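Participant: Structure supplied as protein.cif; contents: mmCIF, C-alpha atoms.
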```
data_final
loop_
_atom_site.label_atom_id
_atom_site.label_comp_id
_atom_site.auth_asym_id
_atom_site.auth_seq_id
_atom_site.Cartn_x
_atom_site.Cartn_y
_atom_site.Cartn_z
CA MET A 500 -32.14 -71.78 -156.41
CA ARG A 501 -34.89 -69.54 -155.02
CA GLU A 502 -37.54 -71.78 -156.58
CA THR A 503 -36.07 -74.86 -154.92
CA SER A 504 -35.81 -73.05 -151.58
CA SER A 505 -39.44 -71.87 -151.74
CA ARG A 506 -40.74 -75.31 -152.59
CA THR A 507 -38.64 -76.83 -149.82
CA ILE A 508 -40.06 -74.36 -147.30
CA ALA A 509 -43.62 -75.10 -148.44
CA PHE A 510 -43.00 -78.85 -148.30
CA TYR A 511 -41.52 -78.84 -144.80
CA SER A 512 -44.18 -76.46 -143.55
CA SER A 513 -46.89 -78.89 -144.67
CA LEU A 514 -45.00 -81.70 -142.94
CA VAL A 515 -44.90 -79.72 -139.68
CA ILE A 516 -48.66 -79.09 -139.87
CA THR A 517 -49.41 -82.77 -140.55
CA ALA A 518 -47.11 -83.85 -137.70
CA ILE A 519 -48.81 -81.48 -135.24
CA SER A 520 -52.22 -82.83 -136.29
CA SER A 521 -51.18 -86.47 -135.97
CA LEU A 522 -49.63 -85.96 -132.51
CA LEU A 523 -52.71 -84.17 -131.22
CA VAL A 524 -55.07 -86.86 -132.54
CA ILE A 525 -52.91 -89.64 -131.04
CA LEU A 526 -52.96 -87.81 -127.71
CA ALA A 527 -56.75 -87.44 -127.89
CA GLN A 528 -57.21 -91.16 -128.59
CA PHE A 529 -54.85 -92.07 -125.73
CA LEU A 530 -56.77 -89.92 -123.30
CA TYR A 531 -60.04 -91.31 -124.63
CA PHE A 532 -59.13 -94.93 -124.01
CA SER A 533 -57.29 -94.43 -120.72
CA VAL A 534 -58.53 -91.47 -118.66
CA LEU A 535 -61.16 -89.15 -120.01
CA SER A 536 -64.91 -89.39 -120.32
CA PRO A 537 -66.53 -89.28 -123.81
CA ARG A 538 -67.79 -85.72 -123.17
CA PHE A 539 -64.34 -84.42 -122.21
CA THR A 540 -62.80 -86.27 -125.18
CA LEU A 541 -65.20 -84.53 -127.56
CA ILE A 542 -64.27 -81.15 -126.03
CA PHE A 543 -60.60 -82.03 -126.44
CA ALA A 544 -61.24 -82.98 -130.08
CA LEU A 545 -62.84 -79.58 -130.71
CA ILE A 546 -59.78 -77.92 -129.19
CA ILE A 547 -57.61 -79.96 -131.57
CA PHE A 548 -59.67 -78.74 -134.51
CA ALA A 549 -59.38 -75.11 -133.37
CA VAL A 550 -55.60 -75.35 -132.95
CA SER A 551 -55.21 -77.15 -136.28
CA PHE A 552 -57.35 -74.57 -138.06
CA GLY A 553 -55.34 -71.78 -136.46
CA VAL A 554 -52.04 -73.27 -137.64
CA SER A 555 -53.40 -73.73 -141.16
CA TYR A 556 -54.81 -70.18 -141.20
CA ALA A 557 -51.51 -68.70 -139.98
CA PHE A 558 -49.54 -70.62 -142.61
CA THR A 559 -51.92 -69.42 -145.36
CA GLN A 560 -51.59 -65.84 -144.15
CA VAL A 561 -47.78 -66.08 -144.33
CA MET A 562 -48.06 -67.21 -147.95
CA ILE A 563 -50.42 -64.33 -148.75
CA ARG A 564 -48.00 -61.82 -147.23
CA ARG A 565 -45.16 -63.31 -149.26
CA LYS A 566 -47.19 -62.88 -152.41
CA LEU A 567 -48.00 -59.25 -151.59
CA ASN A 568 -44.33 -58.50 -150.85
CA LEU A 569 -43.30 -59.96 -154.19
CA LEU A 570 -45.91 -57.91 -156.00
CA PHE A 571 -44.64 -54.80 -154.24
CA ARG A 572 -41.08 -55.60 -155.32
CA ILE A 573 -42.21 -56.08 -158.88
CA LEU A 574 -43.95 -52.69 -158.88
CA GLN A 575 -40.79 -51.09 -157.44
CA GLY A 576 -38.74 -52.65 -160.20
CA LYS A 577 -36.53 -54.57 -157.75
CA GLN A 578 -37.17 -57.92 -159.43
CA SER A 579 -35.81 -58.39 -162.93
CA ASN A 580 -37.72 -61.62 -163.53
CA GLY A 581 -41.01 -60.38 -162.08
CA ARG A 582 -43.37 -62.53 -164.09
CA GLU A 583 -41.51 -65.73 -163.31
CA VAL A 584 -41.38 -64.88 -159.61
CA LEU A 585 -45.11 -64.08 -159.66
CA ARG A 586 -45.91 -67.45 -161.24
CA GLN A 587 -43.80 -69.21 -158.64
CA SER A 588 -45.52 -67.30 -155.85
CA GLU A 589 -48.98 -68.16 -157.19
CA ALA A 590 -48.04 -71.84 -157.44
CA GLU A 591 -46.77 -71.83 -153.86
CA TYR A 592 -49.93 -70.08 -152.67
CA GLU A 593 -52.16 -72.62 -154.44
CA THR A 594 -50.12 -75.47 -152.97
CA ALA A 595 -50.46 -74.02 -149.48
CA GLN A 596 -54.19 -73.52 -149.99
CA ARG A 597 -54.64 -77.15 -151.07
CA GLU A 598 -52.62 -78.35 -148.10
CA ALA A 599 -54.72 -76.24 -145.72
CA MET A 600 -57.98 -77.60 -147.18
CA LYS A 601 -56.69 -81.17 -147.03
CA PHE A 602 -55.56 -80.65 -143.45
CA ALA A 603 -58.95 -79.23 -142.42
CA THR A 604 -60.78 -82.15 -144.07
CA GLU A 605 -58.57 -84.73 -142.33
CA SER A 606 -59.11 -82.97 -138.99
CA ARG A 607 -62.89 -83.10 -139.41
CA GLN A 608 -62.71 -86.80 -140.28
CA GLN A 609 -60.57 -87.53 -137.23
CA ILE A 610 -62.96 -85.63 -134.97
CA GLU A 611 -65.92 -87.53 -136.41
CA GLU A 612 -64.11 -90.83 -135.76
CA LEU A 613 -63.50 -89.81 -132.15
CA ARG A 614 -67.16 -88.91 -131.79
CA LYS A 615 -68.23 -92.33 -133.13
CA GLN A 616 -65.84 -94.07 -130.73
CA ALA A 617 -67.31 -92.09 -127.84
CA VAL A 618 -70.85 -93.12 -128.81
CA PHE A 619 -69.80 -96.77 -129.21
CA ARG A 620 -68.05 -96.77 -125.83
CA ARG A 621 -71.10 -95.25 -124.12
CA ASP A 622 -73.53 -97.74 -125.72
CA PHE A 623 -71.24 -100.71 -125.07
CA ILE A 624 -70.81 -99.93 -121.38
CA GLY A 625 -74.55 -99.26 -120.97
CA ASN A 626 -75.55 -102.53 -122.66
CA LEU A 627 -72.93 -104.56 -120.80
CA SER A 628 -74.02 -103.21 -117.43
CA HIS A 629 -77.65 -104.01 -118.25
CA GLU A 630 -76.84 -107.55 -119.35
CA LEU A 631 -74.89 -108.16 -116.14
CA LYS A 632 -77.33 -106.48 -113.74
CA THR A 633 -80.34 -108.54 -114.79
CA PRO A 634 -78.96 -111.99 -113.81
CA LEU A 635 -77.00 -110.58 -110.84
CA PHE A 636 -80.13 -109.04 -109.32
CA SER A 637 -81.96 -112.33 -109.85
CA VAL A 638 -79.22 -114.28 -108.08
CA GLN A 639 -79.20 -111.75 -105.27
CA GLY A 640 -82.98 -112.07 -104.83
CA TYR A 641 -82.90 -115.87 -104.72
CA LEU A 642 -80.04 -115.93 -102.20
CA GLN A 643 -81.68 -113.34 -99.97
CA THR A 644 -84.87 -115.41 -99.90
CA LEU A 645 -82.88 -118.47 -98.88
CA LEU A 646 -80.95 -116.58 -96.18
CA GLU A 647 -84.19 -115.19 -94.73
CA GLY A 648 -85.51 -118.67 -93.98
CA GLY A 649 -86.19 -120.34 -97.29
CA LEU A 650 -83.11 -122.53 -97.00
CA GLU A 651 -84.87 -124.79 -94.48
CA ASP A 652 -87.90 -125.18 -96.76
CA LYS A 653 -87.22 -128.03 -99.18
CA ASN A 654 -89.94 -126.79 -101.53
CA ILE A 655 -88.10 -123.48 -101.90
CA SER A 656 -84.38 -124.16 -101.42
CA ARG A 657 -83.71 -126.47 -104.38
CA PRO A 658 -85.77 -124.57 -107.02
CA TYR A 659 -84.24 -121.25 -105.94
CA LEU A 660 -80.72 -122.66 -106.01
CA GLN A 661 -81.37 -124.05 -109.49
CA LYS A 662 -82.64 -120.64 -110.68
CA ALA A 663 -79.59 -118.91 -109.18
CA ASP A 664 -77.33 -121.42 -110.92
CA LYS A 665 -79.09 -120.78 -114.24
CA ASN A 666 -78.50 -117.03 -113.94
CA LEU A 667 -74.85 -117.58 -113.07
CA ASP A 668 -74.55 -119.69 -116.23
CA ARG A 669 -75.92 -116.73 -118.17
CA ILE A 670 -73.22 -114.45 -116.72
CA LEU A 671 -70.51 -116.99 -117.56
CA GLU A 672 -71.87 -117.28 -121.10
CA LEU A 673 -71.70 -113.50 -121.49
CA VAL A 674 -68.10 -113.37 -120.23
CA ASP A 675 -67.07 -116.28 -122.47
CA ASP A 676 -68.67 -114.64 -125.52
CA LEU A 677 -66.93 -111.31 -124.86
CA ASP A 678 -63.63 -113.11 -124.37
CA GLY A 679 -64.14 -114.99 -127.64
CA ILE A 680 -64.88 -111.81 -129.61
CA SER A 681 -61.86 -110.07 -128.08
CA LYS A 682 -59.55 -112.93 -129.09
CA LEU A 683 -60.96 -113.05 -132.63
CA GLU A 684 -60.57 -109.28 -133.04
CA SER A 685 -56.99 -109.23 -131.76
CA GLY A 686 -55.98 -112.33 -133.71
CA THR A 687 -54.64 -114.03 -130.58
CA GLU A 688 -56.82 -117.11 -131.13
CA GLN A 689 -55.53 -119.41 -133.86
CA LEU A 690 -58.16 -121.16 -135.96
CA ASP A 691 -57.91 -124.96 -136.09
CA LEU A 692 -58.31 -125.36 -139.84
CA LYS A 693 -59.06 -128.82 -141.15
CA ASN A 694 -61.17 -130.58 -143.78
CA PHE A 695 -64.65 -131.78 -142.79
CA ASP A 696 -68.07 -132.50 -144.26
CA LEU A 697 -70.21 -129.39 -143.93
CA ILE A 698 -73.46 -131.31 -144.53
CA GLU A 699 -72.84 -133.61 -141.55
CA LEU A 700 -72.00 -130.64 -139.33
CA ILE A 701 -75.25 -128.86 -140.24
CA LYS A 702 -77.24 -132.05 -139.57
CA ASP A 703 -75.69 -132.28 -136.10
CA VAL A 704 -76.62 -128.66 -135.32
CA ILE A 705 -80.20 -129.14 -136.54
CA SER A 706 -80.47 -132.16 -134.25
CA ASP A 707 -79.21 -130.04 -131.32
CA VAL A 708 -81.84 -127.29 -131.81
CA LYS A 709 -84.70 -129.60 -132.81
CA MET A 710 -86.37 -129.53 -129.39
CA ALA A 711 -86.28 -125.71 -129.21
CA ALA A 712 -87.82 -125.53 -132.68
CA GLN A 713 -90.57 -128.00 -131.77
CA GLU A 714 -91.61 -125.84 -128.81
CA SER A 715 -92.60 -123.12 -131.30
CA LYS A 716 -93.81 -125.71 -133.86
CA ILE A 717 -91.14 -124.55 -136.32
CA LYS A 718 -90.02 -126.96 -139.03
CA ILE A 719 -86.39 -126.99 -140.19
CA ARG A 720 -85.61 -128.20 -143.70
CA MET A 721 -82.20 -128.75 -145.26
CA SER A 722 -81.03 -128.86 -148.88
CA PRO A 723 -79.20 -130.93 -149.96
CA LYS A 724 -79.98 -133.64 -147.42
CA SER A 725 -76.89 -135.67 -148.23
CA GLY A 726 -73.27 -134.84 -148.95
CA PRO A 727 -70.47 -134.73 -148.71
CA ILE A 728 -69.54 -131.08 -149.25
CA MET A 729 -66.01 -130.78 -147.97
CA VAL A 730 -64.71 -127.46 -146.64
CA LYS A 731 -61.56 -126.28 -144.88
CA ALA A 732 -62.33 -124.33 -141.71
CA ASP A 733 -62.37 -124.46 -137.91
CA GLN A 734 -65.04 -127.10 -137.32
CA GLY A 735 -65.85 -126.01 -133.77
CA ARG A 736 -66.23 -122.38 -134.75
CA ILE A 737 -68.39 -123.13 -137.80
CA HIS A 738 -70.60 -125.31 -135.59
CA GLN A 739 -71.01 -122.21 -133.38
CA VAL A 740 -71.88 -120.06 -136.42
CA VAL A 741 -74.62 -122.40 -137.68
CA MET A 742 -75.94 -122.87 -134.13
CA ASN A 743 -76.18 -119.11 -133.53
CA LEU A 744 -77.95 -118.50 -136.85
CA LEU A 745 -80.50 -121.27 -136.27
CA VAL A 746 -81.18 -120.15 -132.68
CA ASN A 747 -81.64 -116.59 -133.93
CA SER A 748 -84.15 -117.79 -136.54
CA ILE A 749 -86.05 -119.80 -133.92
CA ASN A 750 -86.17 -116.88 -131.46
CA TYR A 751 -87.44 -114.45 -134.08
CA GLY A 752 -89.50 -116.94 -136.09
CA ARG A 753 -93.25 -117.35 -136.29
CA ASP A 754 -95.10 -120.08 -134.45
CA GLU A 755 -95.70 -122.92 -136.89
CA GLY A 756 -93.21 -121.30 -139.22
CA LYS A 757 -90.31 -122.78 -141.17
CA ILE A 758 -86.54 -122.46 -141.41
CA GLU A 759 -84.58 -123.57 -144.46
CA VAL A 760 -80.85 -124.28 -144.61
CA ILE A 761 -79.44 -124.36 -148.15
CA VAL A 762 -75.86 -125.19 -149.15
CA HIS A 763 -74.58 -124.65 -152.68
CA SER A 764 -71.24 -124.15 -154.43
CA VAL A 765 -70.01 -120.94 -156.06
CA GLY A 766 -66.58 -121.29 -157.65
CA ASP A 767 -63.98 -122.23 -155.04
CA ASN A 768 -66.39 -121.46 -152.21
CA CYS A 769 -69.62 -122.86 -150.87
CA VAL A 770 -72.47 -120.68 -149.61
CA VAL A 771 -74.57 -121.55 -146.56
CA GLU A 772 -77.92 -119.79 -146.36
CA VAL A 773 -80.21 -119.85 -143.31
CA SER A 774 -83.67 -118.45 -144.12
CA ASP A 775 -86.86 -118.07 -142.08
CA ASP A 776 -90.36 -116.68 -142.55
CA GLY A 777 -90.28 -114.82 -139.24
CA LEU A 778 -90.66 -111.21 -138.22
CA GLY A 779 -87.96 -109.82 -140.48
CA ILE A 780 -85.70 -106.83 -139.95
CA SER A 781 -86.26 -103.20 -140.87
CA LYS A 782 -83.76 -101.36 -143.08
CA GLU A 783 -82.70 -99.25 -140.10
CA ASP A 784 -81.91 -102.33 -137.99
CA ALA A 785 -80.30 -104.38 -140.79
CA GLY A 786 -77.14 -102.29 -140.73
CA ARG A 787 -76.64 -102.79 -136.98
CA ILE A 788 -77.63 -106.38 -136.23
CA PHE A 789 -74.00 -107.55 -136.15
CA GLU A 790 -73.14 -105.05 -133.41
CA ARG A 791 -72.52 -106.29 -129.86
CA PHE A 792 -75.68 -106.42 -127.72
CA TYR A 793 -77.85 -104.98 -130.49
CA ARG A 794 -81.35 -106.42 -130.52
CA VAL A 795 -84.19 -105.75 -132.94
CA GLU A 796 -87.09 -104.49 -130.80
CA LYS A 797 -84.95 -105.14 -127.75
CA SER A 798 -87.69 -105.74 -125.19
CA ARG A 799 -89.47 -108.42 -127.21
CA ASN A 800 -87.19 -111.43 -127.02
CA ARG A 801 -85.03 -110.72 -123.98
CA HIS A 802 -86.94 -113.38 -122.04
CA LYS A 803 -85.59 -116.03 -124.43
CA GLY A 804 -82.13 -115.58 -122.97
CA GLY A 805 -78.86 -115.31 -124.82
CA SER A 806 -76.07 -112.80 -124.37
CA GLY A 807 -77.02 -110.50 -127.24
CA LEU A 808 -73.66 -111.33 -128.84
CA GLY A 809 -74.69 -114.22 -131.11
CA LEU A 810 -74.61 -112.42 -134.46
CA ALA A 811 -71.53 -110.38 -133.49
CA ILE A 812 -69.69 -113.66 -132.81
CA VAL A 813 -70.89 -115.08 -136.14
CA LYS A 814 -69.51 -112.08 -138.02
CA HIS A 815 -66.11 -112.22 -136.30
CA ILE A 816 -65.73 -115.97 -136.87
CA ILE A 817 -66.53 -115.73 -140.57
CA GLU A 818 -64.24 -112.73 -141.05
CA ALA A 819 -61.45 -114.56 -139.18
CA HIS A 820 -61.72 -117.20 -141.93
CA GLY A 821 -61.29 -114.48 -144.57
CA GLN A 822 -64.90 -114.95 -145.70
CA THR A 823 -68.06 -112.80 -145.72
CA ILE A 824 -71.54 -112.88 -144.19
CA ASN A 825 -74.59 -111.02 -145.51
CA VAL A 826 -78.21 -110.54 -144.54
CA ARG A 827 -81.31 -109.99 -146.68
CA SER A 828 -84.55 -109.23 -144.91
CA GLU A 829 -87.98 -107.74 -145.32
CA GLU A 830 -89.94 -106.66 -142.31
CA GLY A 831 -92.89 -108.97 -141.72
CA LYS A 832 -91.70 -111.57 -144.24
CA GLY A 833 -88.53 -113.06 -142.78
CA SER A 834 -84.74 -112.94 -143.01
CA SER A 835 -81.96 -114.76 -144.81
CA PHE A 836 -78.37 -114.94 -143.53
CA SER A 837 -75.69 -116.29 -145.86
CA PHE A 838 -71.96 -116.87 -145.41
CA THR A 839 -69.16 -118.37 -147.48
CA LEU A 840 -66.50 -120.99 -146.76
CA SER A 841 -63.58 -122.32 -148.79
CA ARG A 842 -64.29 -125.64 -150.52
CA VAL A 843 -61.73 -128.41 -150.63
#
```
Now that the file is in, can you turn its structure into structure tokens?
Facilitator:
Amino acid sequence: MRETSSRTIAFYSSLVITAISSLLVILAQFLYFSVLSPRFTLIFALIIFAVSFGVSYAFTQVMIRRKLNLLFRILQGKQSNGREVLRQSEAEYETAQREAMKFATESRQQIEELRKQAVFRRDFIGNLSHELKTPLFSVQGYLQTLLEGGLEDKNISRPYLQKADKNLDRILELVDDLDGISKLESGTEQLDLKNFDLIELIKDVISDVKMAAQESKIKIRMSPKSGPIMVKADQGRIHQVVMNLLVNSINYGRDEGKIEVIVHSVGDNCVVEVSDDGLGISKEDAGRIFERFYRVEKSRNRHKGGSGLGLAIVKHIIEAHGQTINVRSEEGKGSSFSFTLSRV
């Protein structure tokens, strides 16, 4: 009976500790996403760790005192089954020690996750504000010039209005891309799955980007050149994936370089690979290129436009299909992006 009671106490004590930890972490995350700044959230997380450690330490000390009391009773001869009680006490102490260590490890992991979220939030807001300020300041400058007298000058008014319109298009593109990623992440956007010829879709995309490639004297080759290779996916979204990958290869490709699009079958799937002989990606950058707004050598290709969300959108679309996308790259030699789709 005593053994069952001791184990029950130890079990419910561990449950109380875990519950306290979970409630505190949930509260920290709520404050993080609704009210507090990243710095204050990190301070709050440290407070959580201190409180959690204190609870664990106090619980361990209680178990130690219990053990010492039992030993004292044994020495006084007040326990007839001393050895058995001692073994039970040692088992309970070891259980409490393991629970305390597990609790401390989980608390550290939760604090580290909060810290990562704080860093992501800071970087995301900083990048978003930069992407919005650039075209907004341009629009403001053009409009101010027109209001200060340029509107009556036909040589100034139309070109400046066209430039302002172009920058507004860039802002709308950014908002649309963010909205698209948000819907894909939350699962609120349903994919329109249907059968179509992947080879024909890729040909259409190559035709769309042909002029941009010719400006940099980049040649695009495709293999195989004829199909059909039938897949089941959202045709509009896959068109967007191939478009984004080809535009990325053109933007970061070499003048007079080449891009190759290869499609081949692997089991029930087909693999689409878009390779270039461009600037390549360092190992440090390769792990982050699918993040929102992340650019390799950010200042280099900003003048080529884009929202900085192209590869992030690609990743979310492919994952929404239950498939995978990978990148292989060597700095100075080029990059290769590959993704899978379900074959029909």
Participant: Measuring between all atoms listed in the file, which one of A:Arg753, A:His815, A:His820, A:Arg842 shows the shortest distance to Lys682 (chain A)?
Facilitator: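 Once distances to Lys682 (chain A) are computed over all atoms listed in the file, the minimum belongs to A:His815.
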Participant: Expand the PyMOL selection byres ((chain A and resi 714) around 12) into the individual residues it matches in the shown file, reporting them as a VMD selection string.
Facilitator: chain A and resid 708 to 713 715 to 718 749 to 750 752 to 756
Participant: Give me, please, the distance in Å between CA of Glu829 (chain A) and CA of Leu673 (chain A), quoted to one decimal.
Facilitator: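 CA of Leu673 (chain A) lies 29.4 Å from CA of Glu829 (chain A).
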Participant: Just to confirm, what's the straight-line distance from CA of Ile758 (chain A) to CA of Glu818 (chain A) in Å (one decimal)?
Facilitator: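 These atoms are spaced 24.3 Å apart.
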Participant: Using all atoms listed in the file, pick whichever of A:Ser637, A:Ser725, A:Ser835, A:Ser606 has the shortest atom-to-atom distance to Ile670 (chain A).
Facilitator: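 Going through A:Ser637, A:Ser725, A:Ser835, A:Ser606 one by one, the smallest distance to Ile670 (chain A) is for A:Ser637.
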Participant: Please evaluate the PyMOL selection byres ((chain A and resi 726) around 9) against the structure above and give the resulting residues as a list in words.
Facilitator: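 What the PyMOL selection byres ((chain A and resi 726) around 9) grabs from the file is Asp696, Leu697, Ile698, Glu699, Pro723, Lys724, Ser725, Pro727, Ile728 and Met729 of chain A.
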Participant: I need the residue nearest Asp767 (chain A) from this list: A:Asp733, A:Gln609, A:Ile788, A:Thr839. Use all atoms listed in the file for the distance.
Facilitator: A:Thr839
Participant: Counting only C-alpha atoms, select every polymer residue within 10 Å of (-88.2, -115.7, -143.0) as defined in the file's coordinates, and provide the selection as an MDAnalysis selection string.
Facilitator: chainID A and resid 748 751:753 756:759 773:780 827:836
Participant: Considering all atoms listed in the file, return as a list in words whatever protein or nucleic-acid residues lie within 8 Å of Phe695 (chain A), sequence-local ones (same chain, fewer than 5 positions apart) excluded.
Facilitator: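 Counting only the stated atoms, we get Met729, Val730, Lys731, Ala732 and Gln734 of chain A.
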Participant: Taking all atoms listed in the file into account, name the residue in A:Lys814, A:His763, A:Arg720, A:Lys782 that is nearest to Ser841 (chain A).
Facilitator: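 Distance minimum relative to Ser841 (chain A) lands on A:His763.
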Participant: How far is it from CA of Val813 (chain A) to CA of Val638 (chain A), in Å with one decimal?
Facilitator: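 Between these atoms lies a distance of 29.3 Å.
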Participant: Restricting the calculation to only C-alpha atoms, which member of A:Ile824, A:Val762, A:Ile812, A:Leu667 is positioned closest to Lys632 (chain A)?
Facilitator: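 The shortest atom-to-atom distance to Lys632 (chain A) comes from A:Leu667.
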Participant: Dig up all the protein and nucleic acid residues within 6 Å of (-74.4, -123.6, -149.1) in the file frame, using only C-alpha atoms, and format them as a list in words.
Facilitator: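 Those residues, ordered by chain and then number, are Ile761, Val762, His763, Cys769, Val770, Val771 and Glu772 of chain A.
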